[in-house]
>>> print(open('protein20.cif').read())   # mmCIF, C-alpha atoms and all ligand atoms
data_query
loop_
_atom_site.group_PDB
_atom_site.id
_atom_site.type_symbol
_atom_site.label_atom_id
_atom_site.label_comp_id
_atom_site.auth_asym_id
_atom_site.auth_seq_id
_atom_site.Cartn_x
_atom_site.Cartn_y
_atom_site.Cartn_z
ATOM 1 C CA MET D 1 179.847 -83.481 49.952
ATOM 2 C CA SER D 2 181.684 -85.410 47.282
ATOM 3 C CA GLY D 3 181.250 -85.111 43.538
ATOM 4 C CA ALA D 4 180.098 -88.722 43.506
ATOM 5 C CA THR D 5 176.593 -87.804 44.637
ATOM 6 C CA VAL D 6 173.920 -89.316 42.384
ATOM 7 C CA THR D 7 170.174 -88.763 42.735
ATOM 8 C CA ARG D 8 167.251 -89.744 40.560
ATOM 9 C CA PHE D 9 163.659 -88.925 39.749
ATOM 10 C CA ALA D 10 161.672 -92.078 39.020
ATOM 11 C CA PRO D 11 158.201 -91.405 37.618
ATOM 12 C CA SER D 12 155.842 -94.013 36.199
ATOM 13 C CA PRO D 13 154.707 -93.108 32.671
ATOM 14 C CA THR D 14 151.079 -93.697 33.559
ATOM 15 C CA GLY D 15 150.085 -90.033 33.398
ATOM 16 C CA ARG D 16 151.499 -86.523 33.147
ATOM 17 C CA LEU D 17 153.303 -84.977 36.089
ATOM 18 C CA HIS D 18 151.606 -82.743 38.626
ATOM 19 C CA LEU D 19 153.067 -80.113 40.916
ATOM 20 C CA GLY D 20 153.993 -82.721 43.532
ATOM 21 C CA HIS D 21 156.154 -84.564 41.030
ATOM 22 C CA GLY D 22 157.731 -81.290 39.979
ATOM 23 C CA PHE D 23 158.521 -80.487 43.601
ATOM 24 C CA SER D 24 160.171 -83.878 44.105
ATOM 25 C CA ALA D 25 162.149 -83.747 40.854
ATOM 26 C CA ILE D 26 163.430 -80.252 41.677
ATOM 27 C CA ARG D 27 164.543 -81.350 45.109
ATOM 28 C CA ALA D 28 166.352 -84.380 43.697
ATOM 29 C CA GLN D 29 168.083 -82.355 40.991
ATOM 30 C CA ASP D 30 169.051 -79.500 43.320
ATOM 31 C CA PHE D 31 170.437 -81.950 45.852
ATOM 32 C CA ALA D 32 172.725 -83.511 43.252
ATOM 33 C CA ARG D 33 173.781 -80.257 41.624
ATOM 34 C CA GLY D 34 174.406 -78.647 45.005
ATOM 35 C CA ALA D 35 176.901 -81.430 45.666
ATOM 36 C CA GLY D 36 178.448 -81.261 42.200
ATOM 37 C CA GLY D 37 176.860 -84.609 41.404
ATOM 38 C CA ARG D 38 174.580 -86.205 38.817
ATOM 39 C CA PHE D 39 170.808 -86.300 38.488
ATOM 40 C CA LEU D 40 169.248 -89.242 36.633
ATOM 41 C CA LEU D 41 165.805 -89.895 35.202
ATOM 42 C CA ARG D 42 164.337 -93.385 35.416
ATOM 43 C CA PHE D 43 160.995 -94.461 34.034
ATOM 44 C CA GLU D 44 159.335 -96.996 36.305
ATOM 45 C CA ASP D 45 157.329 -98.605 33.525
ATOM 46 C CA ILE D 46 156.817 -102.157 34.677
ATOM 47 C CA ASP D 47 153.062 -101.998 34.831
ATOM 48 C CA ALA D 48 152.548 -102.464 31.083
ATOM 49 C CA GLY D 49 148.765 -102.292 31.414
ATOM 50 C CA ARG D 50 148.871 -98.712 32.721
ATOM 51 C CA VAL D 51 151.865 -97.323 30.833
ATOM 52 C CA ARG D 52 151.150 -95.229 27.718
ATOM 53 C CA GLU D 53 153.826 -94.445 25.182
ATOM 54 C CA GLU D 54 153.038 -90.722 24.966
ATOM 55 C CA TYR D 55 153.742 -90.198 28.663
ATOM 56 C CA TYR D 56 157.484 -90.794 28.317
ATOM 57 C CA ALA D 57 157.887 -87.753 26.109
ATOM 58 C CA GLY D 58 155.176 -85.898 28.036
ATOM 59 C CA ILE D 59 157.066 -86.306 31.305
ATOM 60 C CA GLU D 60 160.336 -85.177 29.755
ATOM 61 C CA GLU D 61 158.505 -82.140 28.388
ATOM 62 C CA ASP D 62 157.032 -81.361 31.832
ATOM 63 C CA LEU D 63 160.456 -81.564 33.472
ATOM 64 C CA ALA D 64 162.133 -79.493 30.777
ATOM 65 C CA TRP D 65 159.418 -76.846 31.168
ATOM 66 C CA LEU D 66 160.422 -76.521 34.825
ATOM 67 C CA GLY D 67 164.006 -76.065 33.674
ATOM 68 C CA LEU D 68 165.185 -79.475 34.838
ATOM 69 C CA ASP D 69 168.039 -81.167 33.112
ATOM 70 C CA TRP D 70 168.961 -84.796 33.785
ATOM 71 C CA ASP D 71 172.219 -86.535 32.970
ATOM 72 C CA GLY D 72 172.399 -89.109 30.184
ATOM 73 C CA GLU D 73 169.582 -91.098 28.619
ATOM 74 C CA PRO D 74 166.638 -91.906 30.888
ATOM 75 C CA MET D 75 166.593 -95.541 31.946
ATOM 76 C CA ARG D 76 163.510 -97.719 31.472
ATOM 77 C CA GLN D 77 162.689 -100.487 33.906
ATOM 78 C CA SER D 78 160.972 -102.354 31.065
ATOM 79 C CA GLU D 79 164.496 -102.988 29.718
ATOM 80 C CA ARG D 80 165.787 -104.422 32.981
ATOM 81 C CA PHE D 81 163.795 -107.631 33.359
ATOM 82 C CA ASP D 82 166.924 -109.816 33.304
ATOM 83 C CA ALA D 83 168.315 -107.964 36.301
ATOM 84 C CA TYR D 84 165.098 -108.487 38.280
ATOM 85 C CA ARG D 85 165.066 -112.177 37.346
ATOM 86 C CA ALA D 86 168.659 -112.502 38.548
ATOM 87 C CA ALA D 87 167.791 -110.848 41.867
ATOM 88 C CA LEU D 88 164.868 -113.217 42.322
ATOM 89 C CA GLU D 89 167.152 -116.173 41.570
ATOM 90 C CA THR D 90 169.553 -115.015 44.280
ATOM 91 C CA LEU D 91 166.729 -114.941 46.795
ATOM 92 C CA LYS D 92 165.436 -118.313 45.570
ATOM 93 C CA THR D 93 168.844 -119.886 45.972
ATOM 94 C CA ARG D 94 168.896 -118.616 49.529
ATOM 95 C CA GLY D 95 165.495 -120.236 50.186
ATOM 96 C CA LEU D 96 163.869 -116.892 50.975
ATOM 97 C CA VAL D 97 160.963 -116.911 48.528
ATOM 98 C CA TYR D 98 157.976 -119.136 47.831
ATOM 99 C CA PRO D 99 155.346 -119.236 45.089
ATOM 100 C CA CYS D 100 151.887 -118.015 46.022
ATOM 101 C CA PHE D 101 148.864 -119.148 44.011
ATOM 102 C CA CYS D 102 146.215 -117.189 45.904
ATOM 103 C CA THR D 103 143.962 -114.795 44.025
ATOM 104 C CA ARG D 104 143.231 -111.373 45.529
ATOM 105 C CA LYS D 105 139.718 -112.623 46.273
ATOM 106 C CA GLU D 106 140.991 -115.667 48.151
ATOM 107 C CA ILE D 107 143.357 -113.519 50.197
ATOM 108 C CA ALA D 108 140.564 -111.091 51.105
ATOM 109 C CA ALA D 109 138.285 -113.990 52.096
ATOM 110 C CA GLU D 110 140.971 -115.576 54.229
ATOM 111 C CA ILE D 111 141.685 -112.285 56.003
ATOM 112 C CA ALA D 112 137.972 -111.684 56.579
ATOM 113 C CA ALA D 113 137.521 -115.178 58.017
ATOM 114 C CA SER D 114 140.387 -114.878 60.456
ATOM 115 C CA ALA D 115 139.914 -112.792 63.561
ATOM 116 C CA SER D 116 143.658 -112.619 64.095
ATOM 117 C CA ALA D 117 144.926 -111.783 60.593
ATOM 118 C CA PRO D 118 148.386 -110.207 60.937
ATOM 119 C CA HIS D 119 148.354 -106.424 60.557
ATOM 120 C CA GLY D 120 151.071 -104.209 59.196
ATOM 121 C CA VAL D 121 151.589 -100.680 57.941
ATOM 122 C CA ASP D 122 148.886 -100.967 55.274
ATOM 123 C CA GLY D 123 146.351 -102.940 57.284
ATOM 124 C CA PRO D 124 146.069 -106.728 57.252
ATOM 125 C CA PHE D 125 148.735 -108.392 55.189
ATOM 126 C CA TYR D 126 148.996 -111.686 53.353
ATOM 127 C CA PRO D 127 148.422 -114.423 55.917
ATOM 128 C CA GLY D 128 151.033 -116.767 54.434
ATOM 129 C CA THR D 129 148.573 -119.337 53.069
ATOM 130 C CA CYS D 130 150.966 -120.728 50.417
ATOM 131 C CA ARG D 131 154.099 -120.637 52.565
ATOM 132 C CA GLY D 132 153.728 -124.256 53.595
ATOM 133 C CA ILE D 133 152.842 -125.793 50.219
ATOM 134 C CA ASP D 134 154.732 -128.985 49.504
ATOM 135 C CA ARG D 135 157.612 -128.348 47.133
ATOM 136 C CA ARG D 136 156.546 -130.935 44.548
ATOM 137 C CA ASP D 137 152.981 -129.660 44.560
ATOM 138 C CA ALA D 138 154.284 -126.131 44.081
ATOM 139 C CA GLU D 139 156.453 -127.195 41.145
ATOM 140 C CA ARG D 140 153.542 -128.820 39.382
ATOM 141 C CA ARG D 141 151.285 -125.802 39.952
ATOM 142 C CA LEU D 142 153.929 -123.336 38.707
ATOM 143 C CA ALA D 143 153.481 -124.696 35.192
ATOM 144 C CA GLU D 144 149.705 -124.536 35.291
ATOM 145 C CA GLU D 145 148.537 -121.598 37.373
ATOM 146 C CA GLU D 146 148.999 -117.882 37.856
ATOM 147 C CA PHE D 147 151.361 -117.182 40.720
ATOM 148 C CA ALA D 148 153.506 -114.603 42.482
ATOM 149 C CA TRP D 149 156.848 -115.088 44.211
ATOM 150 C CA ARG D 150 156.665 -113.807 47.752
ATOM 151 C CA LEU D 151 159.425 -113.088 50.219
ATOM 152 C CA ASP D 152 159.325 -115.278 53.311
ATOM 153 C CA MET D 153 159.499 -112.248 55.559
ATOM 154 C CA GLU D 154 159.965 -113.934 58.879
ATOM 155 C CA LYS D 155 162.848 -115.998 57.581
ATOM 156 C CA ALA D 156 164.426 -113.090 55.705
ATOM 157 C CA ALA D 157 164.142 -110.639 58.597
ATOM 158 C CA ALA D 158 165.552 -113.190 61.037
ATOM 159 C CA LEU D 159 168.458 -113.891 58.715
ATOM 160 C CA ALA D 160 169.195 -110.183 58.310
ATOM 161 C CA GLY D 161 168.943 -109.229 61.971
ATOM 162 C CA PRO D 162 168.523 -105.547 62.938
ATOM 163 C CA LEU D 163 168.804 -103.129 60.006
ATOM 164 C CA PHE D 164 168.915 -99.343 59.947
ATOM 165 C CA TRP D 165 168.741 -96.560 57.415
ATOM 166 C CA GLU D 166 169.647 -92.888 57.623
ATOM 167 C CA ASP D 167 167.252 -90.118 56.706
ATOM 168 C CA SER D 168 168.311 -86.480 56.686
ATOM 169 C CA ALA D 169 164.936 -85.428 58.090
ATOM 170 C CA LEU D 170 164.226 -88.335 60.410
ATOM 171 C CA GLY D 171 167.622 -89.460 61.592
ATOM 172 C CA ARG D 172 168.604 -93.097 62.058
ATOM 173 C CA ILE D 173 165.621 -95.357 61.541
ATOM 174 C CA ALA D 174 165.325 -98.988 62.574
ATOM 175 C CA ALA D 175 163.803 -100.859 59.628
ATOM 176 C CA ARG D 176 160.641 -102.823 60.402
ATOM 177 C CA PRO D 177 160.188 -104.945 57.259
ATOM 178 C CA GLU D 178 158.173 -107.503 59.217
ATOM 179 C CA LEU D 179 155.318 -104.988 59.257
ATOM 180 C CA HIS D 180 154.861 -105.630 55.540
ATOM 181 C CA GLY D 181 154.371 -109.380 55.658
ATOM 182 C CA ASP D 182 155.373 -111.648 52.805
ATOM 183 C CA VAL D 183 155.607 -108.984 50.105
ATOM 184 C CA VAL D 184 155.249 -109.882 46.432
ATOM 185 C CA LEU D 185 158.527 -109.715 44.504
ATOM 186 C CA THR D 186 157.421 -110.814 41.055
ATOM 187 C CA ARG D 187 154.257 -112.087 39.395
ATOM 188 C CA LYS D 188 153.882 -114.483 36.521
ATOM 189 C CA ASP D 189 152.769 -111.556 34.352
ATOM 190 C CA ALA D 190 154.994 -108.853 35.921
ATOM 191 C CA PRO D 191 158.731 -109.387 36.232
ATOM 192 C CA ALA D 192 159.167 -107.282 39.357
ATOM 193 C CA SER D 193 157.210 -105.482 42.015
ATOM 194 C CA TYR D 194 157.982 -101.831 42.708
ATOM 195 C CA ASN D 195 159.969 -102.852 45.802
ATOM 196 C CA LEU D 196 162.237 -105.273 43.975
ATOM 197 C CA ALA D 197 162.774 -103.151 40.870
ATOM 198 C CA VAL D 198 163.480 -99.916 42.750
ATOM 199 C CA THR D 199 166.021 -101.604 45.013
ATOM 200 C CA VAL D 200 167.860 -103.334 42.188
ATOM 201 C CA ASP D 201 167.896 -100.215 40.005
ATOM 202 C CA ASP D 202 168.944 -97.727 42.672
ATOM 203 C CA ALA D 203 172.014 -99.914 43.185
ATOM 204 C CA PHE D 204 172.580 -100.447 39.451
ATOM 205 C CA GLN D 205 172.486 -96.699 38.770
ATOM 206 C CA GLY D 206 174.761 -95.972 41.707
ATOM 207 C CA ILE D 207 172.212 -93.762 43.464
ATOM 208 C CA THR D 208 173.846 -92.430 46.615
ATOM 209 C CA ASP D 209 170.986 -90.253 47.821
ATOM 210 C CA ILE D 210 167.307 -91.000 47.433
ATOM 211 C CA VAL D 211 165.202 -87.864 47.428
ATOM 212 C CA ARG D 212 161.499 -88.691 47.332
ATOM 213 C CA GLY D 213 158.136 -88.045 48.967
ATOM 214 C CA ASN D 214 157.450 -89.159 52.493
ATOM 215 C CA ASP D 215 154.622 -91.394 51.269
ATOM 216 C CA LEU D 216 157.406 -93.909 50.543
ATOM 217 C CA ILE D 217 158.960 -93.908 54.021
ATOM 218 C CA ALA D 218 157.324 -97.193 54.997
ATOM 219 C CA SER D 219 158.464 -98.946 51.809
ATOM 220 C CA THR D 220 162.041 -98.075 52.718
ATOM 221 C CA ASP D 221 161.892 -100.832 55.344
ATOM 222 C CA VAL D 222 161.432 -103.389 52.583
ATOM 223 C CA HIS D 223 164.078 -101.782 50.366
ATOM 224 C CA ARG D 224 166.568 -101.858 53.221
ATOM 225 C CA LEU D 225 165.963 -105.564 53.767
ATOM 226 C CA LEU D 226 166.285 -106.359 50.055
ATOM 227 C CA GLN D 227 169.539 -104.370 49.900
ATOM 228 C CA HIS D 228 170.884 -106.522 52.669
ATOM 229 C CA LEU D 229 169.720 -109.825 51.163
ATOM 230 C CA LEU D 230 171.056 -108.952 47.713
ATOM 231 C CA GLY D 231 174.327 -107.499 48.971
ATOM 232 C CA LEU D 232 173.641 -104.007 47.615
ATOM 233 C CA PRO D 233 174.940 -100.668 48.905
ATOM 234 C CA VAL D 234 172.709 -98.624 51.193
ATOM 235 C CA PRO D 235 171.925 -95.112 49.946
ATOM 236 C CA ARG D 236 171.115 -92.150 52.178
ATOM 237 C CA TYR D 237 167.469 -91.091 52.245
ATOM 238 C CA HIS D 238 165.884 -87.657 52.098
ATOM 239 C CA HIS D 239 162.131 -88.039 52.362
ATOM 240 C CA HIS D 240 160.379 -84.747 51.833
ATOM 241 C CA VAL D 241 156.899 -83.459 52.629
ATOM 242 C CA LEU D 242 154.230 -83.861 49.998
ATOM 243 C CA ILE D 243 152.572 -80.845 48.592
ATOM 244 C CA THR D 244 148.851 -80.942 49.026
ATOM 245 C CA ASP D 245 145.778 -79.132 47.790
ATOM 246 C CA GLU D 246 143.943 -76.522 49.844
ATOM 247 C CA GLU D 247 142.145 -79.270 51.762
ATOM 248 C CA GLY D 248 145.381 -80.969 52.693
ATOM 249 C CA LYS D 249 144.835 -83.844 50.257
ATOM 250 C CA ARG D 250 147.733 -85.332 48.308
ATOM 251 C CA LEU D 251 147.791 -84.561 44.616
ATOM 252 C CA SER D 252 147.161 -87.453 42.265
ATOM 253 C CA LYS D 253 147.627 -88.067 38.579
ATOM 254 C CA ARG D 254 143.864 -87.833 38.164
ATOM 255 C CA ASP D 255 143.992 -84.290 39.516
ATOM 256 C CA ASP D 256 144.255 -82.719 36.122
ATOM 257 C CA ALA D 257 143.934 -79.129 37.301
ATOM 258 C CA ARG D 258 147.347 -79.283 38.909
ATOM 259 C CA SER D 259 149.154 -81.108 36.156
ATOM 260 C CA LEU D 260 152.161 -79.236 34.856
ATOM 261 C CA ALA D 261 150.785 -79.555 31.327
ATOM 262 C CA THR D 262 147.570 -77.799 32.382
ATOM 263 C CA LEU D 263 149.467 -74.961 34.058
ATOM 264 C CA ARG D 264 151.609 -74.584 30.988
ATOM 265 C CA ALA D 265 148.587 -74.511 28.690
ATOM 266 C CA ALA D 266 147.048 -71.880 30.974
ATOM 267 C CA GLY D 267 150.036 -69.629 30.323
ATOM 268 C CA TRP D 268 152.113 -70.173 33.454
ATOM 269 C CA ASP D 269 155.828 -69.728 33.153
ATOM 270 C CA GLY D 270 157.800 -72.891 34.000
ATOM 271 C CA ALA D 271 160.688 -71.005 35.569
ATOM 272 C CA GLU D 272 158.299 -69.108 37.842
ATOM 273 C CA VAL D 273 156.533 -72.284 38.885
ATOM 274 C CA ALA D 274 159.906 -73.902 39.621
ATOM 275 C CA ALA D 275 160.914 -70.875 41.692
ATOM 276 C CA ALA D 276 157.708 -71.121 43.711
ATOM 277 C CA LEU D 277 158.286 -74.843 44.270
ATOM 278 C CA ARG D 278 161.837 -74.120 45.390
ATOM 279 C CA ALA D 279 160.412 -71.713 47.945
ATOM 280 C CA ASP D 280 159.377 -74.919 49.690
ATOM 281 C CA VAL D 281 155.697 -74.225 50.011
ATOM 282 C CA PRO D 282 154.008 -77.507 50.867
ATOM 283 C CA ASN D 283 150.542 -76.208 50.017
ATOM 284 C CA ILE D 284 149.798 -75.289 46.447
ATOM 285 C CA SER D 285 147.084 -72.702 47.020
ATOM 286 C CA PRO D 286 149.246 -69.952 45.489
ATOM 287 C CA PHE D 287 148.641 -71.646 42.130
ATOM 288 C CA THR D 288 144.876 -71.879 42.247
HETATM 289 N N1 LIG D 301 157.919 -94.695 40.763
HETATM 290 C C1 LIG D 301 157.534 -94.202 42.055
HETATM 291 C C2 LIG D 301 156.381 -93.230 41.910
HETATM 292 O O1 LIG D 301 156.136 -92.751 40.813
HETATM 293 C C3 LIG D 301 158.661 -93.498 42.768
HETATM 294 C C4 LIG D 301 159.605 -94.451 43.324
HETATM 295 C C5 LIG D 301 160.659 -93.903 44.251
HETATM 296 O O2 LIG D 301 160.972 -92.709 44.215
HETATM 297 O O3 LIG D 301 161.204 -94.712 44.979
HETATM 298 O O4 LIG D 301 155.741 -92.968 42.901
#
>>> encode(input="protein20.cif", output="structure tokens", more="lines below")
Ligand code: GLU
Amino acid sequence: MSGATVTRFAPSPTGRLHLGHGFSAIRAQDFARGAGGRFLLRFEDIDAGRVREEYYAGIEEDLAWLGLDWDGEPMRQSERFDAYRAALETLKTRGLVYPCFCTRKEIAAEIAASASAPHGVDGPFYPGTCRGIDRRDAERRLAEEEFAWRLDMEKAAALAGPLFWEDSALGRIAARPELHGDVVLTRKDAPASYNLAVTVDDAFQGITDIVRGNDLIASTDVHRLLQHLLGLPVPRYHHHVLITDEEGKRLSKRDDARSLATLRAAGWDGAEVAAALRADVPNISPFT
């Protein structure tokens, strides 16, 4: 593999890291280092309501405790709003987005009332209520109401035609973005959704190989479509298994017992924990 390999670990500073994050970060770093490449750290801190300042340093401390070592200064998505706005403008110019004024409650009511609500990977998706709003009406409402910009999925997917992505574990995958419906790209109070920001930033940081948990496999369909629409390079993907607790449940940030900070406070040695995670054990029972 070439020295140009670049991977990243992209946590949200909304809590401390747990063993699952550690596992993912180690895999991303080892992949890059094994190829003589670079490993970057990116804070996905768009959700200002959930982000807490102390978690930036806390996460760096957790990673350093495991012996991880990223290249350069960590990037913050909260400093990239102009780039997300520019991406949205590109999609607007191409007529691929529309403003949506529906509240969550209205969407839920509409789905409940319709026997044939479209279903996708995560259950019923947005039924497209605002897609047909008259342009002048929409312009007036933009100034007065809360709104989100949504991707017109049918139009975008038709324009793109068949798209594929490569995964080292899964092989060549045909993207099915239409299973996600008209995804939200930005909201009035949030400059980018996860899908938009991650796509724009992976390209901006020159990420060649995306190493992350397999809970994000489905989202890759949307990322692949956005890459195409925005003219961005397509990275290779390496989705890995998630480590789980003894009952097979995914770890979550609320699962304090398995946070790296808790293990550290309990006297565990970071290098030993990292070695155990490198042994590729998807179940964390050895630690409990
Ligand atoms: N920020 C995402 C998370 O914490 C990870 C995004 C990604 O790896 O694509 O789950």
>>> closest_residue(input="protein20.cif", among="D:Arg141, D:Arg150, D:His238, D:Arg212", to="ligand LIG 301 (chain D)", atoms="only C-alpha atoms and all ligand atoms")
D:Arg212
>>> residues_near_ligand(input="protein20.cif", ligand="ligand LIG 301 (chain D)", cutoff="7 Å", atoms="all atoms listed in the file", output="VMD selection string")
chain D and resid 9 to 12 44 198 212 216
>>> atom_distance(input="protein20.cif", atom1="CA of Ala175 (chain D)", atom2="CA of Pro127 (chain D)")
20.8 Å
>>> resolve_selection(input="protein20.cif", expression="the PyMOL selection byres (((chain D and resi 223) around 12) and not hetatm)", output="PyMOL selection string")
chain D and resi 163-165+175-177+180+183+185+193-203+210+216-222+224-235+237
>>> write_last_selection(input="protein20.cif", atoms="C-alpha atoms", output="PDB file, keeping the file's coordinate frame")
ATOM      1  CA  LEU D 163     168.804-103.129  60.006  1.00  0.00           C
ATOM      2  CA  PHE D 164     168.915 -99.343  59.947  1.00  0.00           C
ATOM      3  CA  TRP D 165     168.741 -96.560  57.415  1.00  0.00           C
ATOM      4  CA  ALA D 175     163.803-100.859  59.628  1.00  0.00           C
ATOM      5  CA  ARG D 176     160.641-102.823  60.402  1.00  0.00           C
ATOM      6  CA  PRO D 177     160.188-104.945  57.259  1.00  0.00           C
ATOM      7  CA  HIS D 180     154.861-105.630  55.540  1.00  0.00           C
ATOM      8  CA  VAL D 183     155.607-108.984  50.105  1.00  0.00           C
ATOM      9  CA  LEU D 185     158.527-109.715  44.504  1.00  0.00           C
ATOM     10  CA  SER D 193     157.210-105.482  42.015  1.00  0.00           C
ATOM     11  CA  TYR D 194     157.982-101.831  42.708  1.00  0.00           C
ATOM     12  CA  ASN D 195     159.969-102.852  45.802  1.00  0.00           C
ATOM     13  CA  LEU D 196     162.237-105.273  43.975  1.00  0.00           C
ATOM     14  CA  ALA D 197     162.774-103.151  40.870  1.00  0.00           C
ATOM     15  CA  VAL D 198     163.480 -99.916  42.750  1.00  0.00           C
ATOM     16  CA  THR D 199     166.021-101.604  45.013  1.00  0.00           C
ATOM     17  CA  VAL D 200     167.860-103.334  42.188  1.00  0.00           C
ATOM     18  CA  ASP D 201     167.896-100.215  40.005  1.00  0.00           C
ATOM     19  CA  ASP D 202     168.944 -97.727  42.672  1.00  0.00           C
ATOM     20  CA  ALA D 203     172.014 -99.914  43.185  1.00  0.00           C
ATOM     21  CA  ILE D 210     167.307 -91.000  47.433  1.00  0.00           C
ATOM     22  CA  LEU D 216     157.406 -93.909  50.543  1.00  0.00           C
ATOM     23  CA  ILE D 217     158.960 -93.908  54.021  1.00  0.00           C
ATOM     24  CA  ALA D 218     157.324 -97.193  54.997  1.00  0.00           C
ATOM     25  CA  SER D 219     158.464 -98.946  51.809  1.00  0.00           C
ATOM     26  CA  THR D 220     162.041 -98.075  52.718  1.00  0.00           C
ATOM     27  CA  ASP D 221     161.892-100.832  55.344  1.00  0.00           C
ATOM     28  CA  VAL D 222     161.432-103.389  52.583  1.00  0.00           C
ATOM     29  CA  ARG D 224     166.568-101.858  53.221  1.00  0.00           C
ATOM     30  CA  LEU D 225     165.963-105.564  53.767  1.00  0.00           C
ATOM     31  CA  LEU D 226     166.285-106.359  50.055  1.00  0.00           C
ATOM     32  CA  GLN D 227     169.539-104.370  49.900  1.00  0.00           C
ATOM     33  CA  HIS D 228     170.884-106.522  52.669  1.00  0.00           C
ATOM     34  CA  LEU D 229     169.720-109.825  51.163  1.00  0.00           C
ATOM     35  CA  LEU D 230     171.056-108.952  47.713  1.00  0.00           C
ATOM     36  CA  GLY D 231     174.327-107.499  48.971  1.00  0.00           C
ATOM     37  CA  LEU D 232     173.641-104.007  47.615  1.00  0.00           C
ATOM     38  CA  PRO D 233     174.940-100.668  48.905  1.00  0.00           C
ATOM     39  CA  VAL D 234     172.709 -98.624  51.193  1.00  0.00           C
ATOM     40  CA  PRO D 235     171.925 -95.112  49.946  1.00  0.00           C
ATOM     41  CA  TYR D 237     167.469 -91.091  52.245  1.00  0.00           C
TER      42      TYR D 237
END
>>> closest_residue(input="protein20.cif", among="D:His21, D:Leu151, D:Ile46, D:Thr7", to="Leu63 (chain D)", atoms="all atoms listed in the file")
D:His21
>>> resolve_selection(input="protein20.cif", expression="the PyMOL selection byres (((chain D and resi 122) around 12) and not hetatm)", output="PyMOL selection string")
chain D and resi 118-121+123-126+179-181+183+215+218-219
>>> closest_residue(input="protein20.cif", among="D:Leu19, D:Phe101, D:Ala279, D:Thr5", to="Arg258 (chain D)", atoms="all atoms listed in the file")
D:Leu19
>>> build_atoms(input="protein20.cif", residues="region 43-58 of chain D", atoms="N, CA and C atoms", output="mmCIF file, in the frame of the given file")
data_model
loop_
_atom_site.group_PDB
_atom_site.id
_atom_site.type_symbol
_atom_site.label_atom_id
_atom_site.label_comp_id
_atom_site.auth_asym_id
_atom_site.auth_seq_id
_atom_site.Cartn_x
_atom_site.Cartn_y
_atom_site.Cartn_z
ATOM 1 N N PHE D 43 162.419 -94.184 34.212
ATOM 2 C CA PHE D 43 160.995 -94.461 34.034
ATOM 3 C C PHE D 43 160.659 -95.797 34.668
ATOM 4 N N GLU D 44 159.756 -95.764 35.631
ATOM 5 C CA GLU D 44 159.335 -96.996 36.305
ATOM 6 C C GLU D 44 158.098 -97.496 35.558
ATOM 7 N N ASP D 45 158.383 -98.244 34.488
ATOM 8 C CA ASP D 45 157.329 -98.605 33.525
ATOM 9 C C ASP D 45 157.085 -100.109 33.459
ATOM 10 N N ILE D 46 157.012 -100.710 34.629
ATOM 11 C CA ILE D 46 156.817 -102.157 34.677
ATOM 12 C C ILE D 46 155.363 -102.547 34.459
ATOM 13 N N ASP D 47 154.480 -101.682 34.886
ATOM 14 C CA ASP D 47 153.062 -101.998 34.831
ATOM 15 C C ASP D 47 152.538 -101.724 33.419
ATOM 16 N N ALA D 48 152.817 -102.681 32.515
ATOM 17 C CA ALA D 48 152.548 -102.464 31.083
ATOM 18 C C ALA D 48 151.088 -102.084 30.817
ATOM 19 N N GLY D 49 150.185 -102.579 31.627
ATOM 20 C CA GLY D 49 148.765 -102.292 31.414
ATOM 21 C C GLY D 49 148.423 -100.824 31.616
ATOM 22 N N ARG D 50 149.207 -100.107 32.409
ATOM 23 C CA ARG D 50 148.871 -98.712 32.721
ATOM 24 C C ARG D 50 149.783 -97.705 32.011
ATOM 25 N N VAL D 51 150.903 -98.219 31.492
ATOM 26 C CA VAL D 51 151.865 -97.323 30.833
ATOM 27 C C VAL D 51 151.331 -96.913 29.462
ATOM 28 N N ARG D 52 151.503 -95.642 29.082
ATOM 29 C CA ARG D 52 151.150 -95.229 27.718
ATOM 30 C C ARG D 52 152.356 -94.532 27.096
ATOM 31 N N GLU D 53 152.621 -94.895 25.862
ATOM 32 C CA GLU D 53 153.826 -94.445 25.182
ATOM 33 C C GLU D 53 153.989 -92.918 25.223
ATOM 34 N N GLU D 54 152.896 -92.180 25.053
ATOM 35 C CA GLU D 54 153.038 -90.722 24.966
ATOM 36 C C GLU D 54 153.500 -90.079 26.278
ATOM 37 N N TYR D 55 153.357 -90.804 27.385
ATOM 38 C CA TYR D 55 153.742 -90.198 28.663
ATOM 39 C C TYR D 55 155.251 -90.091 28.863
ATOM 40 N N TYR D 56 156.023 -90.921 28.176
ATOM 41 C CA TYR D 56 157.484 -90.794 28.317
ATOM 42 C C TYR D 56 157.918 -89.393 27.864
ATOM 43 N N ALA D 57 157.510 -89.070 26.645
ATOM 44 C CA ALA D 57 157.887 -87.753 26.109
ATOM 45 C C ALA D 57 157.189 -86.644 26.884
ATOM 46 N N GLY D 58 155.942 -86.909 27.286
ATOM 47 C CA GLY D 58 155.176 -85.898 28.036
ATOM 48 C C GLY D 58 155.876 -85.535 29.338
#
